[in-house]
$ cat my_file09.txt   # compact mmCIF, N, CA and C atoms and all ligand atoms
# COMPACT_ATOMS: atom_id res chain seq x y z
N MET A 1 -2.24 -13.10 12.00
CA MET A 1 -1.07 -13.95 11.93
C MET A 1 -1.38 -15.19 11.11
N ILE A 2 -0.34 -15.85 10.60
CA ILE A 2 -0.54 -17.03 9.77
C ILE A 2 -0.23 -18.28 10.60
N VAL A 3 -1.24 -19.14 10.79
CA VAL A 3 -1.08 -20.40 11.50
C VAL A 3 -1.66 -21.49 10.62
N ASP A 4 -0.85 -22.52 10.32
CA ASP A 4 -1.30 -23.63 9.45
C ASP A 4 -1.93 -23.11 8.16
N ASP A 5 -1.28 -22.16 7.51
CA ASP A 5 -1.74 -21.59 6.25
C ASP A 5 -3.08 -20.87 6.35
N VAL A 6 -3.48 -20.49 7.55
CA VAL A 6 -4.68 -19.69 7.73
C VAL A 6 -4.25 -18.29 8.17
N LEU A 7 -4.67 -17.28 7.40
CA LEU A 7 -4.37 -15.91 7.77
C LEU A 7 -5.52 -15.37 8.61
N THR A 8 -5.22 -15.02 9.87
CA THR A 8 -6.22 -14.33 10.67
C THR A 8 -5.98 -12.84 10.49
N CYS A 9 -6.93 -12.17 9.88
CA CYS A 9 -6.77 -10.77 9.53
C CYS A 9 -6.56 -9.89 10.77
N PRO A 10 -5.48 -9.06 10.80
CA PRO A 10 -5.25 -8.21 11.95
C PRO A 10 -6.24 -7.05 12.05
N VAL A 11 -6.98 -6.78 10.96
CA VAL A 11 -7.94 -5.67 10.97
C VAL A 11 -9.30 -6.12 11.48
N CYS A 12 -9.83 -7.22 10.90
CA CYS A 12 -11.20 -7.64 11.25
C CYS A 12 -11.26 -8.96 12.02
N GLY A 13 -10.13 -9.69 12.10
CA GLY A 13 -10.10 -10.92 12.86
C GLY A 13 -10.63 -12.15 12.14
N THR A 14 -11.00 -12.02 10.87
CA THR A 14 -11.54 -13.15 10.12
C THR A 14 -10.43 -14.10 9.68
N PRO A 15 -10.60 -15.43 9.91
CA PRO A 15 -9.64 -16.38 9.35
C PRO A 15 -9.86 -16.54 7.85
N ASN A 16 -8.79 -16.47 7.06
CA ASN A 16 -8.87 -16.61 5.61
C ASN A 16 -8.12 -17.86 5.22
N ARG A 17 -8.84 -18.82 4.64
CA ARG A 17 -8.25 -20.13 4.37
C ARG A 17 -7.81 -20.35 2.93
N ALA A 18 -8.16 -19.47 2.03
CA ALA A 18 -7.72 -19.64 0.64
C ALA A 18 -6.19 -19.60 0.61
N PRO A 19 -5.54 -20.58 -0.03
CA PRO A 19 -4.07 -20.68 0.02
C PRO A 19 -3.36 -19.40 -0.41
N ASP A 20 -3.80 -18.78 -1.48
CA ASP A 20 -3.14 -17.56 -1.95
C ASP A 20 -3.36 -16.39 -0.99
N ASP A 21 -4.47 -16.40 -0.29
CA ASP A 21 -4.74 -15.29 0.63
C ASP A 21 -3.71 -15.22 1.75
N ALA A 22 -3.40 -16.39 2.33
CA ALA A 22 -2.42 -16.40 3.42
C ALA A 22 -1.05 -15.97 2.90
N THR A 23 -0.70 -16.42 1.70
CA THR A 23 0.60 -16.07 1.12
C THR A 23 0.69 -14.58 0.81
N ASN A 24 -0.39 -14.03 0.25
CA ASN A 24 -0.36 -12.64 -0.19
C ASN A 24 -0.82 -11.64 0.87
N GLY A 25 -1.33 -12.16 2.00
CA GLY A 25 -1.80 -11.26 3.03
C GLY A 25 -3.12 -10.60 2.69
N TYR A 26 -3.92 -11.29 1.88
CA TYR A 26 -5.19 -10.71 1.46
C TYR A 26 -6.33 -11.22 2.34
N CYS A 27 -7.21 -10.31 2.79
CA CYS A 27 -8.37 -10.69 3.58
C CYS A 27 -9.62 -10.59 2.72
N GLY A 28 -10.33 -11.73 2.59
CA GLY A 28 -11.53 -11.76 1.77
C GLY A 28 -12.66 -10.92 2.33
N ARG A 29 -12.70 -10.74 3.66
CA ARG A 29 -13.77 -9.94 4.25
C ARG A 29 -13.49 -8.45 4.08
N CYS A 30 -12.23 -8.03 4.31
CA CYS A 30 -11.87 -6.60 4.14
C CYS A 30 -11.75 -6.24 2.65
N HIS A 31 -11.59 -7.27 1.80
CA HIS A 31 -11.30 -7.04 0.38
C HIS A 31 -10.07 -6.13 0.23
N ASP A 32 -9.03 -6.46 1.00
CA ASP A 32 -7.83 -5.62 0.97
C ASP A 32 -6.64 -6.40 1.53
N PHE A 33 -5.45 -5.84 1.36
CA PHE A 33 -4.23 -6.46 1.87
C PHE A 33 -3.97 -5.96 3.28
N THR A 34 -3.84 -6.88 4.22
CA THR A 34 -3.70 -6.52 5.63
C THR A 34 -2.49 -7.15 6.30
N TRP A 35 -1.66 -7.87 5.55
CA TRP A 35 -0.54 -8.60 6.13
C TRP A 35 0.48 -8.86 5.04
N PRO A 36 1.79 -8.92 5.28
CA PRO A 36 2.44 -8.95 6.59
C PRO A 36 2.73 -7.57 7.17
N VAL A 37 2.86 -6.53 6.34
CA VAL A 37 3.07 -5.19 6.91
C VAL A 37 1.74 -4.71 7.46
N LYS A 38 1.75 -4.25 8.69
CA LYS A 38 0.52 -3.80 9.31
C LYS A 38 0.48 -2.27 9.30
N PHE A 39 -0.73 -1.77 9.19
CA PHE A 39 -0.93 -0.33 9.17
C PHE A 39 -1.89 0.05 10.28
N VAL A 40 -1.64 1.22 10.89
CA VAL A 40 -2.54 1.72 11.93
C VAL A 40 -2.87 3.18 11.66
N ASP A 41 -4.06 3.60 12.09
CA ASP A 41 -4.45 5.00 11.94
C ASP A 41 -3.80 5.83 13.05
N ILE A 42 -4.11 7.13 13.11
CA ILE A 42 -3.43 8.00 14.08
C ILE A 42 -3.82 7.68 15.52
N HIS A 43 -4.85 6.84 15.71
CA HIS A 43 -5.24 6.41 17.05
C HIS A 43 -4.64 5.04 17.38
N GLY A 44 -3.88 4.47 16.42
CA GLY A 44 -3.26 3.17 16.65
C GLY A 44 -4.15 1.99 16.31
N HIS A 45 -5.30 2.21 15.67
CA HIS A 45 -6.19 1.12 15.30
C HIS A 45 -5.75 0.50 13.97
N PRO A 46 -5.74 -0.83 13.87
CA PRO A 46 -5.32 -1.48 12.62
C PRO A 46 -6.18 -1.05 11.44
N MET A 47 -5.54 -0.94 10.27
CA MET A 47 -6.27 -0.57 9.07
C MET A 47 -5.69 -1.28 7.86
N THR A 48 -6.41 -1.23 6.76
CA THR A 48 -5.97 -1.91 5.54
C THR A 48 -4.98 -1.06 4.76
N LEU A 49 -4.32 -1.71 3.79
CA LEU A 49 -3.39 -0.99 2.92
C LEU A 49 -4.08 0.16 2.18
N THR A 50 -5.27 -0.09 1.65
CA THR A 50 -5.98 0.94 0.91
C THR A 50 -6.37 2.11 1.81
N GLY A 51 -6.85 1.79 3.02
CA GLY A 51 -7.22 2.85 3.97
C GLY A 51 -6.02 3.70 4.34
N TRP A 52 -4.88 3.05 4.54
CA TRP A 52 -3.64 3.75 4.88
C TRP A 52 -3.22 4.68 3.73
N ALA A 53 -3.27 4.17 2.50
CA ALA A 53 -2.86 4.96 1.34
C ALA A 53 -3.73 6.22 1.19
N LYS A 54 -5.03 6.08 1.47
CA LYS A 54 -5.93 7.24 1.37
C LYS A 54 -5.59 8.28 2.43
N LEU A 55 -5.27 7.83 3.65
CA LEU A 55 -4.89 8.77 4.70
C LEU A 55 -3.58 9.49 4.35
N CYS A 56 -2.65 8.75 3.74
CA CYS A 56 -1.35 9.35 3.37
C CYS A 56 -1.50 10.45 2.33
N GLU A 57 -2.54 10.38 1.51
CA GLU A 57 -2.75 11.43 0.51
C GLU A 57 -3.01 12.77 1.17
N ALA A 58 -3.58 12.75 2.36
CA ALA A 58 -3.82 13.99 3.11
C ALA A 58 -2.59 14.27 3.96
N ILE A 59 -1.62 14.99 3.40
CA ILE A 59 -0.31 15.14 4.02
C ILE A 59 -0.38 15.77 5.42
N ALA A 60 -1.34 16.67 5.66
CA ALA A 60 -1.44 17.33 6.95
C ALA A 60 -1.75 16.33 8.07
N VAL A 61 -2.40 15.23 7.72
CA VAL A 61 -2.72 14.22 8.71
C VAL A 61 -1.45 13.61 9.30
N ARG A 62 -0.37 13.63 8.51
CA ARG A 62 0.86 12.97 8.95
C ARG A 62 1.62 13.75 10.01
N ILE A 63 1.37 15.05 10.12
CA ILE A 63 2.07 15.88 11.10
C ILE A 63 1.14 16.09 12.29
N LEU A 64 1.49 15.47 13.42
CA LEU A 64 0.63 15.50 14.60
C LEU A 64 0.91 16.72 15.46
N ALA A 65 2.16 17.17 15.47
CA ALA A 65 2.55 18.34 16.24
C ALA A 65 3.77 18.95 15.56
N ASP A 66 3.90 20.26 15.64
CA ASP A 66 4.94 20.97 14.87
C ASP A 66 5.33 22.23 15.63
N THR A 67 6.62 22.41 15.88
CA THR A 67 7.06 23.63 16.53
C THR A 67 8.48 23.96 16.10
N THR A 68 8.88 25.21 16.24
CA THR A 68 10.24 25.63 15.92
C THR A 68 10.92 26.07 17.21
N ILE A 69 12.09 25.45 17.46
CA ILE A 69 12.86 25.76 18.67
C ILE A 69 14.30 25.98 18.27
N ASP A 70 14.87 27.14 18.65
CA ASP A 70 16.28 27.38 18.39
C ASP A 70 16.59 27.18 16.90
N SER A 71 15.68 27.61 16.02
CA SER A 71 15.80 27.51 14.56
C SER A 71 15.64 26.09 14.02
N TYR A 72 15.47 25.12 14.88
CA TYR A 72 15.18 23.75 14.45
C TYR A 72 13.67 23.53 14.43
N ARG A 73 13.21 22.74 13.47
CA ARG A 73 11.80 22.41 13.42
C ARG A 73 11.62 21.00 13.99
N LEU A 74 10.80 20.91 15.02
CA LEU A 74 10.53 19.63 15.67
C LEU A 74 9.12 19.20 15.30
N ARG A 75 9.00 17.96 14.84
CA ARG A 75 7.69 17.45 14.45
C ARG A 75 7.44 16.07 15.03
N ALA A 76 6.20 15.86 15.46
CA ALA A 76 5.72 14.51 15.78
C ALA A 76 4.95 14.06 14.55
N ILE A 77 5.34 12.90 14.01
CA ILE A 77 4.74 12.46 12.75
C ILE A 77 4.11 11.07 12.87
N TRP A 78 3.14 10.84 12.03
CA TRP A 78 2.50 9.53 11.90
C TRP A 78 2.89 8.95 10.55
N THR A 79 3.41 7.71 10.55
CA THR A 79 3.67 7.01 9.28
C THR A 79 2.63 5.91 9.07
N GLY A 80 2.11 5.38 10.16
CA GLY A 80 1.08 4.35 10.08
C GLY A 80 1.60 2.97 9.75
N VAL A 81 2.91 2.83 9.55
CA VAL A 81 3.48 1.54 9.15
C VAL A 81 4.15 0.89 10.35
N CYS A 82 3.77 -0.35 10.64
CA CYS A 82 4.43 -1.09 11.70
C CYS A 82 4.59 -2.53 11.25
N ASP A 83 5.81 -2.90 10.91
CA ASP A 83 6.01 -4.27 10.42
C ASP A 83 6.42 -5.22 11.52
N GLY A 84 6.52 -4.72 12.74
CA GLY A 84 6.84 -5.57 13.88
C GLY A 84 8.31 -5.85 14.07
N LEU A 85 9.15 -5.45 13.10
CA LEU A 85 10.58 -5.70 13.22
C LEU A 85 11.35 -4.40 13.43
N CYS A 86 11.16 -3.42 12.55
CA CYS A 86 11.92 -2.19 12.71
C CYS A 86 11.05 -0.94 12.57
N ALA A 87 9.99 -0.98 11.79
CA ALA A 87 9.19 0.22 11.58
C ALA A 87 8.13 0.38 12.66
N MET A 88 7.99 1.61 13.14
CA MET A 88 6.95 1.92 14.11
C MET A 88 6.09 3.04 13.52
N PRO A 89 4.82 3.08 13.92
CA PRO A 89 3.88 3.98 13.23
C PRO A 89 3.97 5.46 13.61
N PHE A 90 4.73 5.80 14.67
CA PHE A 90 4.85 7.20 15.07
C PHE A 90 6.33 7.55 15.24
N GLY A 91 6.69 8.80 14.97
CA GLY A 91 8.08 9.19 15.10
C GLY A 91 8.25 10.65 15.49
N LEU A 92 9.44 10.95 15.98
CA LEU A 92 9.81 12.32 16.32
C LEU A 92 10.92 12.72 15.35
N ALA A 93 10.72 13.80 14.61
CA ALA A 93 11.67 14.20 13.58
C ALA A 93 12.15 15.63 13.82
N LEU A 94 13.42 15.85 13.48
CA LEU A 94 14.03 17.16 13.68
C LEU A 94 14.61 17.65 12.36
N TYR A 95 14.23 18.85 11.94
CA TYR A 95 14.70 19.42 10.69
C TYR A 95 15.68 20.55 11.01
N PRO A 96 16.90 20.53 10.44
CA PRO A 96 17.89 21.55 10.74
C PRO A 96 17.51 22.91 10.17
N PRO A 97 18.09 23.99 10.73
CA PRO A 97 17.67 25.34 10.37
C PRO A 97 18.12 25.82 9.00
N ASP A 98 19.01 25.10 8.30
CA ASP A 98 19.53 25.62 7.03
C ASP A 98 18.59 25.37 5.85
N GLY A 99 17.43 24.81 6.11
CA GLY A 99 16.45 24.67 5.05
C GLY A 99 16.59 23.43 4.20
N ARG A 100 17.64 22.65 4.42
CA ARG A 100 17.77 21.40 3.69
C ARG A 100 16.64 20.47 4.11
N ARG A 101 16.33 19.53 3.27
CA ARG A 101 15.22 18.64 3.57
C ARG A 101 15.64 17.48 4.47
N HIS A 102 16.93 17.43 4.80
CA HIS A 102 17.42 16.37 5.67
C HIS A 102 16.68 16.39 7.00
N LEU A 103 16.33 15.25 7.47
CA LEU A 103 15.72 15.19 8.79
C LEU A 103 16.37 14.09 9.61
N THR A 104 16.33 14.28 10.91
CA THR A 104 16.84 13.29 11.84
C THR A 104 15.66 12.70 12.59
N VAL A 105 15.54 11.40 12.52
CA VAL A 105 14.49 10.76 13.32
C VAL A 105 15.09 10.47 14.68
N LEU A 106 14.59 11.18 15.69
CA LEU A 106 15.12 11.03 17.03
C LEU A 106 14.73 9.68 17.63
N GLU A 107 13.51 9.29 17.37
CA GLU A 107 12.99 8.07 18.01
C GLU A 107 11.69 7.68 17.33
N GLU A 108 11.36 6.38 17.38
CA GLU A 108 10.09 5.91 16.85
C GLU A 108 9.27 5.31 17.98
N PHE A 109 7.95 5.39 17.81
CA PHE A 109 7.06 4.97 18.90
C PHE A 109 5.91 4.13 18.40
N ASN A 110 5.34 3.36 19.32
CA ASN A 110 4.21 2.49 19.00
C ASN A 110 2.86 3.18 19.11
N SER A 111 2.80 4.27 19.90
CA SER A 111 1.49 4.87 20.13
C SER A 111 1.52 6.39 20.02
N ARG A 112 0.34 6.95 19.78
CA ARG A 112 0.18 8.40 19.73
C ARG A 112 0.54 9.01 21.09
N ALA A 113 0.15 8.36 22.17
CA ALA A 113 0.44 8.89 23.51
C ALA A 113 1.95 9.01 23.74
N GLU A 114 2.72 8.00 23.29
CA GLU A 114 4.17 8.02 23.47
C GLU A 114 4.81 9.15 22.67
N VAL A 115 4.40 9.33 21.42
CA VAL A 115 5.03 10.37 20.60
C VAL A 115 4.64 11.76 21.11
N ASP A 116 3.42 11.92 21.61
CA ASP A 116 3.01 13.20 22.19
C ASP A 116 3.86 13.52 23.43
N LEU A 117 4.08 12.52 24.25
CA LEU A 117 4.90 12.69 25.46
C LEU A 117 6.33 13.07 25.08
N ALA A 118 6.89 12.38 24.09
CA ALA A 118 8.26 12.65 23.66
C ALA A 118 8.38 14.05 23.04
N PHE A 119 7.38 14.45 22.26
CA PHE A 119 7.39 15.77 21.64
C PHE A 119 7.47 16.86 22.71
N THR A 120 6.63 16.76 23.71
CA THR A 120 6.62 17.75 24.78
C THR A 120 7.94 17.75 25.55
N ALA A 121 8.45 16.57 25.87
CA ALA A 121 9.69 16.46 26.63
C ALA A 121 10.87 17.04 25.85
N VAL A 122 10.97 16.73 24.56
CA VAL A 122 12.08 17.22 23.75
C VAL A 122 11.97 18.73 23.52
N ALA A 123 10.75 19.23 23.31
CA ALA A 123 10.56 20.67 23.13
C ALA A 123 11.03 21.43 24.37
N LEU A 124 10.69 20.94 25.54
CA LEU A 124 11.12 21.58 26.80
C LEU A 124 12.64 21.48 26.95
N TRP A 125 13.19 20.31 26.62
CA TRP A 125 14.64 20.10 26.76
C TRP A 125 15.41 21.04 25.82
N MET A 126 14.98 21.14 24.58
CA MET A 126 15.67 22.00 23.61
C MET A 126 15.56 23.47 24.01
N GLY A 127 14.43 23.84 24.57
CA GLY A 127 14.27 25.21 25.04
C GLY A 127 15.24 25.55 26.17
N ALA A 128 15.58 24.54 26.97
CA ALA A 128 16.47 24.74 28.12
C ALA A 128 17.96 24.55 27.76
N HIS A 129 18.24 23.98 26.57
CA HIS A 129 19.62 23.71 26.16
C HIS A 129 19.87 24.27 24.76
N PRO A 130 19.87 25.60 24.61
CA PRO A 130 20.04 26.19 23.26
C PRO A 130 21.36 25.74 22.61
N GLY A 131 21.29 25.44 21.32
CA GLY A 131 22.49 25.11 20.57
C GLY A 131 22.90 23.66 20.64
N THR A 132 22.19 22.85 21.40
CA THR A 132 22.51 21.42 21.45
C THR A 132 21.24 20.62 21.15
N LEU A 133 21.45 19.39 20.66
CA LEU A 133 20.33 18.53 20.31
C LEU A 133 20.32 17.29 21.20
N PRO A 134 19.16 16.82 21.55
CA PRO A 134 19.09 15.62 22.40
C PRO A 134 19.42 14.36 21.60
N THR A 135 20.11 13.44 22.22
CA THR A 135 20.37 12.13 21.61
C THR A 135 19.16 11.23 21.88
N ALA A 136 19.13 10.08 21.23
CA ALA A 136 18.04 9.12 21.47
C ALA A 136 18.01 8.72 22.94
N ALA A 137 19.19 8.59 23.55
CA ALA A 137 19.26 8.22 24.97
C ALA A 137 18.63 9.30 25.84
N VAL A 138 18.87 10.56 25.48
CA VAL A 138 18.28 11.68 26.24
C VAL A 138 16.76 11.64 26.09
N VAL A 139 16.27 11.40 24.86
CA VAL A 139 14.83 11.32 24.63
C VAL A 139 14.22 10.23 25.51
N HIS A 140 14.89 9.08 25.54
CA HIS A 140 14.39 7.97 26.34
C HIS A 140 14.35 8.33 27.82
N ASP A 141 15.43 8.98 28.31
CA ASP A 141 15.48 9.38 29.73
C ASP A 141 14.39 10.39 30.06
N LEU A 142 14.16 11.33 29.14
CA LEU A 142 13.12 12.35 29.35
C LEU A 142 11.74 11.70 29.50
N MET A 143 11.51 10.69 28.66
CA MET A 143 10.20 10.02 28.72
C MET A 143 10.04 9.21 30.00
N GLU A 144 11.14 8.60 30.45
CA GLU A 144 11.09 7.84 31.70
C GLU A 144 10.79 8.74 32.88
N ALA A 145 11.30 9.98 32.81
CA ALA A 145 11.19 10.91 33.92
C ALA A 145 9.80 11.54 34.03
N ARG A 146 9.00 11.45 32.96
CA ARG A 146 7.70 12.14 32.96
C ARG A 146 6.54 11.24 33.40
ZN ZN A 201 -10.09 -8.45 7.32

$ encode --input "my_file09.txt" --output "structure tokens" --more "lines below"
Ligand SMILES: [Zn+2]
Amino acid sequence: MIVDDVLTCPVCGTPNRAPDDATNGYCGRCHDFTWPVKFVDIHGHPMTLTGWAKLCEAIAVRILADTTIDSYRLRAIWTGVCDGLCAMPFGLALYPPDGRRHLTVLEEFNSRAEVDLAFTAVALWMGAHPGTLPTAAVVHDLMEAR
């Protein structure tokens, strides 16, 4: 976080006092950009922009779980981006059976454990309710119940 023009790196915890570093989110110890958008690996550990970009190149890493139910494809995905306002690093996505690339993000999560829980809950729910899709409210209720 930035306090009095000092950037404390979210990855390594080093305070960076160079004026441009705090403005640009650059950490002199990591030699990388670590702020204001934060990145986390699939275990939720903070990482640098460069580390995140390298992980993204391996596309299979982004799909944590994948199954087909009632002709819909359900995936738990990792994006690794968490800006603290709207983006969360894990998500549950649903792909319709007609083969279009359109996807519906059912819900976003802060942790791998949460998205794994939601994936299992939604897969069970869809198996029990053929032809209908869960709303975000249903996903939330399913997670509360487990
Ligand atoms: Zn750092």

$ residues_around --input "my_file09.txt" --residues "His31 (chain A)" --least-positions-apart "4" --cutoff "8 Å" --atoms "all atoms listed in the file" --output "list in words"
Tyr26, Cys27, Thr48 and Thr50 of chain A

$ write_last_selection --input "my_file09.txt" --atoms "N, CA and C atoms" --output "compact mmCIF listing (two decimals), in the coordinates of the input"
# COMPACT_ATOMS: atom_id res chain seq x y z
N TYR A 26 -3.92 -11.29 1.88
CA TYR A 26 -5.19 -10.71 1.46
C TYR A 26 -6.33 -11.22 2.34
N CYS A 27 -7.21 -10.31 2.79
CA CYS A 27 -8.37 -10.69 3.58
C CYS A 27 -9.62 -10.59 2.72
N THR A 48 -6.41 -1.23 6.76
CA THR A 48 -5.97 -1.91 5.54
C THR A 48 -4.98 -1.06 4.76
N THR A 50 -5.27 -0.09 1.65
CA THR A 50 -5.98 0.94 0.91
C THR A 50 -6.37 2.11 1.81

$ closest_residue --input "my_file09.txt" --among "A:Val11, A:Val122, A:Leu133, A:Val6" --to "ligand ZN 201 (chain A)" --atoms "only N, CA and C atoms and all ligand atoms"
A:Val11

$ closest_atom_pairs --input "my_file09.txt" --of "chain A" --to "ligand ZN 201 (chain A)" --cutoff "8 Å" --atoms "only N, CA and C atoms and all ligand atoms" --output "JSON lines"
{"residue": "A:Thr8", "atom": "C", "partner": "A:ZN201", "partner_atom": "ZN", "distance": 6.8}
{"residue": "A:Cys9", "atom": "CA", "partner": "A:ZN201", "partner_atom": "ZN", "distance": 4.6}
{"residue": "A:Pro10", "atom": "N", "partner": "A:ZN201", "partner_atom": "ZN", "distance": 5.8}
{"residue": "A:Val11", "atom": "C", "partner": "A:ZN201", "partner_atom": "ZN", "distance": 4.8}
{"residue": "A:Cys12", "atom": "N", "partner": "A:ZN201", "partner_atom": "ZN", "distance": 3.8}
{"residue": "A:Gly13", "atom": "N", "partner": "A:ZN201", "partner_atom": "ZN", "distance": 4.9}
{"residue": "A:Thr14", "atom": "N", "partner": "A:ZN201", "partner_atom": "ZN", "distance": 5.1}
{"residue": "A:Pro15", "atom": "N", "partner": "A:ZN201", "partner_atom": "ZN", "distance": 7.5}
{"residue": "A:Tyr26", "atom": "C", "partner": "A:ZN201", "partner_atom": "ZN", "distance": 6.8}
{"residue": "A:Cys27", "atom": "CA", "partner": "A:ZN201", "partner_atom": "ZN", "distance": 4.7}
{"residue": "A:Gly28", "atom": "N", "partner": "A:ZN201", "partner_atom": "ZN", "distance": 5.8}
{"residue": "A:Arg29", "atom": "C", "partner": "A:ZN201", "partner_atom": "ZN", "distance": 4.7}
{"residue": "A:Cys30", "atom": "N", "partner": "A:ZN201", "partner_atom": "ZN", "distance": 3.7}
{"residue": "A:His31", "atom": "N", "partner": "A:ZN201", "partner_atom": "ZN", "distance": 5.8}
{"residue": "A:Asp32", "atom": "N", "partner": "A:ZN201", "partner_atom": "ZN", "distance": 6.7}
{"residue": "A:Phe33", "atom": "C", "partner": "A:ZN201", "partner_atom": "ZN", "distance": 7.7}
{"residue": "A:Thr34", "atom": "CA", "partner": "A:ZN201", "partner_atom": "ZN", "distance": 6.9}
{"residue": "A:Thr48", "atom": "CA", "partner": "A:ZN201", "partner_atom": "ZN", "distance": 7.9}

$ residues_around --input "my_file09.txt" --residues "region 38-41 of chain A" --least-positions-apart "4" --cutoff "5 Å" --atoms "only N, CA and C atoms" --output "NGL selection string"
:A and (45-47 or 80-83)

$ atom_distance --input "my_file09.txt" --atom1 "atom N of Tyr95 (chain A)" --atom2 "atom N of His140 (chain A)"
16.8 Å

$ atom_distance --input "my_file09.txt" --atom1 "atom C of Asn110 (chain A)" --atom2 "atom N of Leu92 (chain A)"
10.7 Å

$ residues_around --input "my_file09.txt" --residues "region 65-77 of chain A" --least-positions-apart "4" --cutoff "6 Å" --atoms "only N, CA and C atoms" --output "MDAnalysis selection string"
chainID A and resid 89:97

$ write_last_selection --input "my_file09.txt" --atoms "N, CA and C atoms" --output "tab-separated table (two decimals), keeping the file's coordinate frame"
chain	number	residue	atom	x	y	z
A	89	PRO	N	4.82	3.08	13.92
A	89	PRO	CA	3.88	3.98	13.23
A	89	PRO	C	3.97	5.46	13.61
A	90	PHE	N	4.73	5.80	14.67
A	90	PHE	CA	4.85	7.20	15.07
A	90	PHE	C	6.33	7.55	15.24
A	91	GLY	N	6.69	8.80	14.97
A	91	GLY	CA	8.08	9.19	15.10
A	91	GLY	C	8.25	10.65	15.49
A	92	LEU	N	9.44	10.95	15.98
A	92	LEU	CA	9.81	12.32	16.32
A	92	LEU	C	10.92	12.72	15.35
A	93	ALA	N	10.72	13.80	14.61
A	93	ALA	CA	11.67	14.20	13.58
A	93	ALA	C	12.15	15.63	13.82
A	94	LEU	N	13.42	15.85	13.48
A	94	LEU	CA	14.03	17.16	13.68
A	94	LEU	C	14.61	17.65	12.36
A	95	TYR	N	14.23	18.85	11.94
A	95	TYR	CA	14.70	19.42	10.69
A	95	TYR	C	15.68	20.55	11.01
A	96	PRO	N	16.90	20.53	10.44
A	96	PRO	CA	17.89	21.55	10.74
A	96	PRO	C	17.51	22.91	10.17
A	97	PRO	N	18.09	23.99	10.73
A	97	PRO	CA	17.67	25.34	10.37
A	97	PRO	C	18.12	25.82	9.00

$ atom_distance --input "my_file09.txt" --atom1 "CA of Ile63 (chain A)" --atom2 "CA of Gly51 (chain A)"
17.5 Å

$ select_by_dssp --input "my_file09.txt" --residues "chain A" --states "strand (DSSP E)" --output "count of residues only"
44

$ axis_aligned_box --input "my_file09.txt" --around "region 76-91 of chain A" --padding-each-side "5 Å" --output "JSON"
{"center_x": 6.5, "center_y": 5.0, "center_z": 12.4, "size_x": 20.8, "size_y": 31.7, "size_z": 16.7}

$ closest_residue --input "my_file09.txt" --among "A:Ala58, A:Met126, A:Val115, A:Ala121" --to "Leu142 (chain A)" --atoms "only C-alpha atoms"
A:Ala121

$ select_by_dssp --input "my_file09.txt" --residues "chain A" --states "alpha helix (DSSP H)" --output "JSON, numbers by chain"
{"A": [19, 20, 21, 22, 23, 24, 49, 50, 51, 52, 53, 54, 55, 56, 57, 112, 113, 114, 115, 116, 117, 118, 119, 120, 121, 122, 123, 124, 125, 126, 127, 128, 136, 137, 138, 139, 140, 141, 142, 143, 144, 145]}
